[in-house]
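**Q** Structure file data15.txt, compact mmCIF, C-alpha atoms, is pasted below:
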```txt
# COMPACT_ATOMS: atom_id res chain seq x y z
CA MET A 1 64.04 192.96 114.63
CA SER A 2 66.06 195.72 116.34
CA THR A 3 69.27 197.05 114.81
CA PRO A 4 72.40 196.75 116.97
CA GLN A 5 73.43 199.86 118.92
CA PRO A 6 76.49 201.60 117.42
CA THR A 7 79.67 201.46 119.50
CA GLU A 8 82.71 203.69 119.25
CA PHE A 9 86.30 202.61 119.80
CA ASN A 10 87.98 204.56 122.61
CA PRO A 11 91.66 203.55 123.04
CA VAL A 12 92.35 206.15 125.79
CA ALA A 13 89.56 204.74 127.96
CA GLY A 14 90.81 201.23 127.16
CA ILE A 15 94.35 202.05 128.35
CA ALA A 16 92.99 203.68 131.51
CA ALA A 17 90.79 200.61 132.17
CA ALA A 18 93.81 198.32 131.74
CA ILE A 19 95.80 200.35 134.29
CA PHE A 20 93.19 200.34 137.05
CA PRO A 21 89.66 198.86 137.27
CA GLY A 22 87.03 201.55 136.62
CA ALA A 23 89.51 204.18 135.37
CA GLY A 24 88.26 203.72 131.79
CA HIS A 25 84.73 204.75 132.73
CA LEU A 26 86.17 207.70 134.63
CA VAL A 27 87.79 208.84 131.34
CA LEU A 28 84.41 208.41 129.60
CA GLY A 29 82.81 210.69 132.21
CA ARG A 30 80.66 207.90 133.66
CA HIS A 31 81.73 208.52 137.24
CA LYS A 32 79.04 206.53 139.04
CA ARG A 33 79.60 203.46 136.88
CA ALA A 34 83.38 203.82 137.31
CA PHE A 35 83.04 203.91 141.08
CA PHE A 36 80.77 200.85 141.32
CA ALA A 37 82.85 198.87 138.78
CA MET A 38 85.95 199.62 140.88
CA VAL A 39 84.12 198.59 144.07
CA GLY A 40 83.05 195.28 142.47
CA VAL A 41 86.44 194.34 141.01
CA MET A 42 88.66 195.56 143.85
CA GLY A 43 86.17 194.25 146.44
CA LEU A 44 86.47 190.72 145.01
CA PHE A 45 90.25 191.16 144.77
CA PHE A 46 90.71 192.22 148.41
CA PHE A 47 88.14 189.68 149.61
CA GLY A 48 90.26 186.93 148.04
CA LEU A 49 93.41 188.35 149.64
CA LEU A 50 91.66 188.58 153.01
CA LEU A 51 90.62 184.91 152.82
CA GLY A 52 93.76 183.32 151.41
CA GLY A 53 96.40 185.85 152.35
CA ILE A 54 99.17 186.86 149.98
CA ASP A 55 99.57 183.18 149.00
CA ALA A 56 96.29 183.43 147.02
CA ILE A 57 98.29 185.05 144.17
CA ASP A 58 101.23 182.93 143.06
CA SER A 59 102.45 183.04 139.47
CA LYS A 60 104.88 180.13 140.04
CA GLN A 61 102.90 177.54 142.04
CA ASP A 62 99.34 178.39 140.87
CA ARG A 63 100.14 179.36 137.29
CA PHE A 64 96.76 178.64 135.68
CA TRP A 65 94.83 180.48 138.40
CA PHE A 66 97.27 183.37 137.92
CA PHE A 67 96.31 183.74 134.23
CA GLY A 68 92.74 184.61 135.31
CA GLN A 69 93.90 186.71 138.26
CA ALA A 70 96.23 188.77 136.02
CA LEU A 71 93.13 190.16 134.24
CA VAL A 72 92.73 192.51 137.25
CA GLY A 73 95.87 194.24 135.93
CA PRO A 74 98.71 195.94 137.85
CA PRO A 75 97.28 195.21 141.36
CA THR A 76 97.75 191.46 140.76
CA LEU A 77 101.23 191.93 139.30
CA VAL A 78 102.32 194.09 142.27
CA VAL A 79 101.01 191.60 144.86
CA ASP A 80 102.66 188.70 142.99
CA TYR A 81 105.98 190.58 142.83
CA ILE A 82 105.87 191.22 146.61
CA HIS A 83 104.91 187.58 147.26
CA GLN A 84 107.74 186.18 145.14
CA ASN A 85 110.42 188.57 146.44
CA LYS A 86 109.52 189.23 150.09
CA PHE A 87 107.75 186.07 151.26
CA LYS A 88 109.41 183.17 149.42
CA ALA A 89 112.88 181.69 149.81
CA TYR A 90 114.98 178.71 148.73
CA GLY A 91 114.76 175.50 150.72
CA TYR A 92 117.92 174.09 152.29
CA GLY A 93 120.06 172.74 149.43
CA SER A 94 117.28 173.42 146.93
CA GLU A 95 117.01 175.66 143.87
CA ILE A 96 113.23 176.03 144.12
CA MET A 97 111.65 179.13 145.69
CA ARG A 98 108.80 178.15 148.00
CA THR A 99 106.55 179.34 150.80
CA GLY A 100 107.83 178.79 154.34
CA LYS A 101 106.67 175.95 156.58
CA PRO A 102 106.01 176.21 160.32
CA GLY A 103 109.34 175.98 162.13
CA GLU A 104 111.28 177.86 159.45
CA HIS A 105 112.57 181.41 159.37
CA ARG A 106 113.44 183.50 156.29
CA VAL A 107 117.03 184.77 156.30
CA ILE A 108 119.25 186.35 153.64
CA GLU A 109 122.55 184.49 153.09
CA ASN A 110 124.97 186.02 150.56
CA GLY A 111 122.12 188.04 149.06
CA ARG A 112 119.98 184.92 148.61
CA PRO A 113 116.81 184.28 150.70
CA VAL A 114 116.80 180.84 152.33
CA TRP A 115 114.62 179.01 154.88
CA GLU A 116 116.50 178.36 158.11
CA PRO A 117 115.18 175.78 160.60
CA LEU A 118 114.23 177.21 164.00
CA THR A 119 114.86 175.73 167.43
CA TYR A 120 111.93 174.85 169.73
CA ALA A 121 112.77 177.88 171.89
CA GLU A 122 112.62 180.18 168.86
CA ILE A 123 109.28 178.69 167.74
CA GLU A 124 107.92 179.14 171.30
CA SER A 125 109.01 182.79 171.20
CA GLY A 126 106.76 183.33 168.16
CA MET A 127 109.27 183.14 165.31
CA GLY A 128 108.22 181.54 162.04
CA PRO A 129 107.67 182.13 158.32
CA PRO A 130 106.44 185.62 157.28
CA ASN A 131 103.02 184.35 156.16
CA VAL A 132 100.58 181.52 156.80
CA PRO A 133 99.43 180.03 153.46
CA GLY A 134 95.80 179.09 152.81
CA LEU A 135 94.90 175.41 152.69
CA GLY A 136 92.26 173.27 151.01
CA ARG A 137 88.86 174.59 150.02
CA LEU A 138 89.38 178.02 151.58
CA ASN A 139 92.50 178.58 149.47
CA GLU A 140 90.54 177.62 146.34
CA ILE A 141 87.72 180.05 147.23
CA ALA A 142 90.29 182.82 147.79
CA MET A 143 91.93 182.18 144.40
CA LEU A 144 88.49 181.91 142.75
CA SER A 145 87.45 185.28 144.19
CA ILE A 146 90.47 186.97 142.57
CA VAL A 147 89.86 185.12 139.27
CA LEU A 148 86.24 186.37 139.37
CA ALA A 149 87.63 189.89 139.90
CA GLY A 150 89.81 189.40 136.80
CA MET A 151 86.94 188.13 134.63
CA LEU A 152 84.70 190.96 135.82
CA ASN A 153 87.46 193.44 135.01
CA LEU A 154 87.69 192.01 131.48
CA ILE A 155 84.01 192.94 130.95
CA VAL A 156 84.64 196.39 132.47
CA PHE A 157 87.69 196.85 130.21
CA LEU A 158 85.80 195.85 127.03
CA ASP A 159 82.92 198.17 127.95
CA ALA A 160 85.37 201.06 128.38
CA LEU A 161 87.24 200.24 125.14
CA MET A 162 84.08 199.97 123.05
CA PRO A 163 81.45 201.92 124.97
CA GLY A 164 77.84 201.89 123.90
CA PRO A 165 75.79 205.09 123.83
CA ASN A 166 75.51 206.82 127.21
CA ARG A 167 71.95 205.82 128.06
CA ASP A 168 71.88 207.82 131.28
CA ALA A 169 72.87 211.02 129.45
CA LYS A 170 70.26 210.34 126.74
CA LYS A 171 67.56 209.79 129.34
CA SER A 172 68.41 212.94 131.27
CA SER A 173 68.54 215.06 128.08
CA SER A 174 65.22 213.67 126.82
CA ASN A 175 63.69 214.34 130.24
CA ALA A 176 65.00 217.92 130.08
CA ASN A 177 63.53 218.36 126.59
CA ALA A 178 60.19 216.99 127.74
CA GLY A 179 60.28 219.33 130.72
CA GLY A 180 61.09 222.25 128.42
CA ALA A 181 58.14 221.47 126.14
CA GLN A 182 55.72 221.51 129.04
CA MET B 1 90.51 180.20 165.66
CA SER B 2 92.51 180.07 168.90
CA LEU B 3 93.67 183.18 170.76
CA VAL B 4 97.32 182.60 169.74
CA GLN B 5 96.27 182.26 166.06
CA ALA B 6 94.09 185.38 166.31
CA LEU B 7 96.94 187.45 167.80
CA ALA B 8 99.44 186.25 165.18
CA TYR B 9 97.05 186.89 162.27
CA THR B 10 98.05 189.63 159.78
CA PRO B 11 95.20 190.64 157.40
CA PHE B 12 95.92 190.21 153.65
CA VAL B 13 99.16 188.34 154.45
CA ASP B 14 97.99 185.31 156.45
CA ALA B 15 95.10 183.08 155.41
CA LEU B 16 91.94 183.19 157.51
CA SER B 17 91.02 180.04 159.38
CA ILE B 18 87.26 179.78 158.76
CA HIS B 19 87.10 176.32 157.22
CA GLU B 20 83.75 175.45 158.84
CA GLN B 21 81.90 178.45 157.37
CA TRP B 22 83.21 178.25 153.81
CA TYR B 23 79.72 178.07 152.23
CA LEU B 24 78.77 181.49 153.68
CA LEU B 25 81.54 183.13 151.64
CA ILE B 26 79.37 182.86 148.51
CA ILE B 27 77.12 185.67 149.86
CA PRO B 28 79.70 188.53 149.89
CA MET B 29 81.19 187.22 146.63
CA SER B 30 77.76 187.30 144.93
CA ILE B 31 77.06 190.83 146.21
CA LEU B 32 80.44 192.15 144.99
CA LEU B 33 80.01 190.43 141.61
CA ALA B 34 76.54 191.95 141.22
CA ILE B 35 77.83 195.43 142.19
CA GLY B 36 80.57 195.27 139.53
CA TYR B 37 78.52 193.62 136.79
CA LYS B 38 75.44 195.81 137.12
CA ALA B 39 77.62 198.96 137.13
CA ILE B 40 78.27 198.12 133.47
CA ARG B 41 75.09 196.38 132.37
CA CYS B 42 72.42 198.42 134.18
CA SER B 43 70.50 200.52 131.61
CA ASN B 44 69.35 203.16 134.11
CA MET B 45 71.45 203.95 137.20
CA LYS B 46 68.30 204.95 139.09
CA LYS B 47 67.32 201.26 139.07
CA TYR B 48 70.86 200.18 140.03
CA PRO B 49 70.30 199.16 143.71
CA ARG B 50 67.25 197.09 142.77
CA GLU B 51 69.08 195.38 139.88
CA VAL B 52 72.05 194.57 142.15
CA PHE B 53 69.67 193.01 144.68
CA VAL B 54 67.81 190.99 142.01
CA PHE B 55 71.05 189.75 140.41
CA THR B 56 72.46 188.72 143.82
CA VAL B 57 69.29 186.76 144.57
CA GLN B 58 69.46 185.16 141.09
CA ILE B 59 73.07 184.02 141.66
CA LEU B 60 72.31 182.63 145.12
CA GLY B 61 69.07 181.02 143.93
CA GLY B 62 70.83 179.41 140.95
CA LEU B 63 73.56 178.00 143.16
CA LEU B 64 71.00 176.72 145.68
CA LEU B 65 69.11 175.02 142.83
CA LEU B 66 72.34 173.43 141.58
CA ALA B 67 73.13 172.24 145.12
CA ILE B 68 69.68 170.62 145.39
CA VAL B 69 70.02 168.93 141.97
CA PHE B 70 73.50 167.57 142.73
CA THR B 71 72.39 166.37 146.19
CA LEU B 72 69.50 164.48 144.58
CA VAL B 73 71.83 163.00 141.94
CA VAL B 74 74.33 161.81 144.56
CA THR B 75 71.85 160.57 147.18
CA VAL B 76 68.97 159.26 144.99
CA VAL B 77 69.87 158.79 141.30
CA ILE B 78 73.34 157.24 141.61
CA PRO B 79 72.29 154.67 144.30
CA MET B 80 69.39 153.66 141.98
CA VAL B 81 71.60 153.34 138.89
CA ALA B 82 74.56 151.70 140.62
CA PRO B 83 73.49 150.29 144.01
CA MET B 84 76.22 149.51 146.54
CA PRO B 85 76.62 145.76 147.20
CA SER B 86 75.05 144.94 150.56
```
Represent the structure from my file as structure tokens, please.

**A**
Amino acid sequence: MSTPQPTEFNPVAGIAAAIFPGAGHLVLGRHKRAFFAMVGVMGLFFFGLLLGGIDAIDSKQDRFWFFGQALVGPPTLVVDYIHQNKFKAYGYGSEIMRTGKPGEHRVIENGRPVWEPLTYAEIESGMGPPNVPGLGRLNEIAMLSIVLAGMLNLIVFLDALMPGPNRDAKKSSSNANAGGAQ
Amino acid sequence: MSLVQALAYTPFVDALSIHEQWYLLIIPMSILLAIGYKAIRCSNMKKYPREVFVFTVQILGGLLLLAIVFTLVVTVVIPMVAPMPS
């Protein structure tokens, strides 16, 4: 039976990993792993945004999905902030912020964003809401992709916080020793 | 996607309209997941590309197997257990 490998607690790498995916491994000096971890997490994140648009991250209307997506860290929080403040508005006579529908235009009235109905001529001229939300299965796949990015980032974060021994460094040093002996 | 839709499309803001090809999206997602996961779990970075490839194939193979099992359950097992009244 093999004994478990010792791990060391590294709070600095943990904080860096929480700020941006892969930054923790950069602090640990594992540059290659940091780069590929960042490519994996941010690739899934941007792939989800590409599929579902900015509507794929919504802390108000897709709250439970957002809990998983928030594991990506600040990138999710920034996108959600932009979505809530630049793309949503209040419906006519409503106190609920929502995404725009076709035939509506976002305007600021007395410092408050509201959806204003458009005329046929305005719709024909290309006016409309600032974004087109994802629908159905495609919207679910987009949200799932960002949740996967969050769950993957949780593994990356834990590995940076409690890193195991640097196997690559061990291998290269043992190879060097073997080479020296020959 | 029509020409008007394509011209009005803003990447990362508007949703893509590829509803017919949704099942193909699992391929880039599996590759990206394997890239990120194996960056942490791979014991030797020299074997990294091979491990990413193997893990991607394992994910896709597992999902294909699940799809076959569920198709058999829906089309064969359930009609045997609870046949539709003719």

**Q** Report as a PyMOL selection string all protein, DNA and RNA residues lying within 9 Å of stretch 60-70 of chain B, evaluated on all atoms listed in the file, omitting residues in the same chain fewer than 3 positions from it.

**A** chain B and resi 26-27+30+55-57+73-75

**Q** Please identify every residue of chain A that has at least one atom no more than 10 Å from any atom of chain B, counting only C-alpha atoms, and report them as a CSV table (one decimal) with C-alpha atoms, in the coordinates of the input.

**A**
```
chain,number,residue,atom,x,y,z
A,22,GLY,CA,87.0,201.6,136.6
A,25,HIS,CA,84.7,204.8,132.7
A,32,LYS,CA,79.0,206.5,139.0
A,33,ARG,CA,79.6,203.5,136.9
A,34,ALA,CA,83.4,203.8,137.3
A,35,PHE,CA,83.0,203.9,141.1
A,36,PHE,CA,80.8,200.8,141.3
A,37,ALA,CA,82.8,198.9,138.8
A,38,MET,CA,86.0,199.6,140.9
A,39,VAL,CA,84.1,198.6,144.1
A,40,GLY,CA,83.0,195.3,142.5
A,41,VAL,CA,86.4,194.3,141.0
A,42,MET,CA,88.7,195.6,143.8
A,43,GLY,CA,86.2,194.2,146.4
A,44,LEU,CA,86.5,190.7,145.0
A,45,PHE,CA,90.2,191.2,144.8
A,46,PHE,CA,90.7,192.2,148.4
A,47,PHE,CA,88.1,189.7,149.6
A,48,GLY,CA,90.3,186.9,148.0
A,49,LEU,CA,93.4,188.4,149.6
A,50,LEU,CA,91.7,188.6,153.0
A,51,LEU,CA,90.6,184.9,152.8
A,52,GLY,CA,93.8,183.3,151.4
A,53,GLY,CA,96.4,185.8,152.4
A,54,ILE,CA,99.2,186.9,150.0
A,55,ASP,CA,99.6,183.2,149.0
A,56,ALA,CA,96.3,183.4,147.0
A,83,HIS,CA,104.9,187.6,147.3
A,87,PHE,CA,107.8,186.1,151.3
A,126,GLY,CA,106.8,183.3,168.2
A,130,PRO,CA,106.4,185.6,157.3
A,131,ASN,CA,103.0,184.4,156.2
A,132,VAL,CA,100.6,181.5,156.8
A,133,PRO,CA,99.4,180.0,153.5
A,134,GLY,CA,95.8,179.1,152.8
A,135,LEU,CA,94.9,175.4,152.7
A,136,GLY,CA,92.3,173.3,151.0
A,137,ARG,CA,88.9,174.6,150.0
A,138,LEU,CA,89.4,178.0,151.6
A,139,ASN,CA,92.5,178.6,149.5
A,141,ILE,CA,87.7,180.0,147.2
A,142,ALA,CA,90.3,182.8,147.8
A,144,LEU,CA,88.5,181.9,142.8
A,145,SER,CA,87.4,185.3,144.2
A,148,LEU,CA,86.2,186.4,139.4
A,149,ALA,CA,87.6,189.9,139.9
A,152,LEU,CA,84.7,191.0,135.8
A,153,ASN,CA,87.5,193.4,135.0
A,155,ILE,CA,84.0,192.9,131.0
A,156,VAL,CA,84.6,196.4,132.5
A,159,ASP,CA,82.9,198.2,128.0
A,160,ALA,CA,85.4,201.1,128.4
A,163,PRO,CA,81.4,201.9,125.0
A,166,ASN,CA,75.5,206.8,127.2
A,167,ARG,CA,72.0,205.8,128.1
A,168,ASP,CA,71.9,207.8,131.3
A,169,ALA,CA,72.9,211.0,129.4
A,171,LYS,CA,67.6,209.8,129.3
```

**Q** With all atoms listed in the file as the basis for distance, which of A:Asn10, A:Thr119, A:Thr76, A:Gln61 is at the shortest distance from A:Lys88?

**A**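 Closest candidate: A:Gln61.
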
**Q** Can you work out the spacing between atom CA of A:Asp58 and atom CA of A:Pro102 in Å, to one decimal?

**A** 19.1 Å

**Q** What does the distance from atom CA of A:Asn110 to atom CA of A:Pro129 come to in Å, to one decimal?

**A**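 That distance, rounded to one decimal, is 19.4 Å.
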
**Q** What is the distance, in Å and to one decimal place, between atom CA of A:Phe64 and atom CA of A:Arg112?

**A**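 A separation of 27.3 Å between them.
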
**Q** Keeping C-alpha atoms, write stretch 14-83 of chain B of the structure just shown out as a tab-separated table (two decimals), in the first residue's frame.

**A**
```
chain	number	residue	atom	x	y	z
B	14	ASP	CA	-25.77	37.97	-29.22
B	15	ALA	CA	-26.54	34.26	-29.10
B	16	LEU	CA	-25.50	32.14	-32.07
B	17	SER	CA	-28.27	30.57	-34.10
B	18	ILE	CA	-26.96	27.03	-34.68
B	19	HIS	CA	-29.85	25.04	-33.22
B	20	GLU	CA	-29.57	22.22	-35.80
B	21	GLN	CA	-25.91	21.44	-35.00
B	22	TRP	CA	-26.12	21.51	-31.20
B	23	TYR	CA	-24.73	17.96	-30.78
B	24	LEU	CA	-21.43	18.94	-32.49
B	25	LEU	CA	-20.73	21.45	-29.70
B	26	ILE	CA	-19.72	18.59	-27.39
B	27	ILE	CA	-16.47	18.16	-29.39
B	28	PRO	CA	-14.86	21.58	-28.66
B	29	MET	CA	-16.19	21.44	-25.09
B	30	SER	CA	-14.56	18.01	-24.53
B	31	ILE	CA	-11.25	19.21	-26.00
B	32	LEU	CA	-11.18	22.35	-23.81
B	33	LEU	CA	-12.13	20.33	-20.71
B	34	ALA	CA	-9.34	17.83	-21.42
B	35	ILE	CA	-6.81	20.65	-21.98
B	36	GLY	CA	-7.65	22.22	-18.60
B	37	TYR	CA	-7.99	19.01	-16.61
B	38	LYS	CA	-4.84	17.32	-17.89
B	39	ALA	CA	-2.82	20.51	-17.27
B	40	ILE	CA	-3.34	19.71	-13.58
B	41	ARG	CA	-3.55	15.93	-13.50
B	42	CYS	CA	-0.90	14.95	-16.06
B	43	SER	CA	2.11	13.43	-14.22
B	44	ASN	CA	4.62	14.20	-16.98
B	45	MET	CA	4.11	17.21	-19.28
B	46	LYS	CA	5.99	15.41	-22.06
B	47	LYS	CA	3.01	13.05	-22.31
B	48	TYR	CA	0.52	15.94	-22.12
B	49	PRO	CA	-0.69	16.06	-25.79
B	50	ARG	CA	-1.27	12.30	-25.81
B	51	GLU	CA	-3.15	12.38	-22.49
B	52	VAL	CA	-5.34	15.26	-23.71
B	53	PHE	CA	-6.19	13.26	-26.84
B	54	VAL	CA	-6.95	10.07	-24.86
B	55	PHE	CA	-9.12	11.93	-22.33
B	56	THR	CA	-11.06	13.69	-25.12
B	57	VAL	CA	-11.72	10.33	-26.79
B	58	GLN	CA	-12.78	8.86	-23.41
B	59	ILE	CA	-15.30	11.69	-22.83
B	60	LEU	CA	-16.74	11.42	-26.35
B	61	GLY	CA	-16.78	7.61	-26.20
B	62	GLY	CA	-18.53	7.65	-22.80
B	63	LEU	CA	-21.17	10.07	-24.05
B	64	LEU	CA	-21.69	8.02	-27.22
B	65	LEU	CA	-22.13	4.89	-25.09
B	66	LEU	CA	-24.66	6.69	-22.88
B	67	ALA	CA	-26.52	7.87	-25.99
B	68	ILE	CA	-26.70	4.28	-27.30
B	69	VAL	CA	-27.91	2.93	-23.92
B	70	PHE	CA	-30.61	5.61	-23.56
B	71	THR	CA	-31.74	5.12	-27.18
B	72	LEU	CA	-32.12	1.38	-26.53
B	73	VAL	CA	-34.02	2.06	-23.28
B	74	VAL	CA	-36.43	4.48	-24.99
B	75	THR	CA	-36.95	2.54	-28.23
B	76	VAL	CA	-36.73	-1.10	-27.03
B	77	VAL	CA	-37.02	-1.54	-23.24
B	78	ILE	CA	-39.81	0.92	-22.45
B	79	PRO	CA	-42.11	-0.30	-25.31
B	80	MET	CA	-41.60	-3.87	-23.98
B	81	VAL	CA	-42.33	-2.94	-20.35
B	82	ALA	CA	-45.21	-0.57	-21.08
B	83	PRO	CA	-46.53	-1.13	-24.62
```
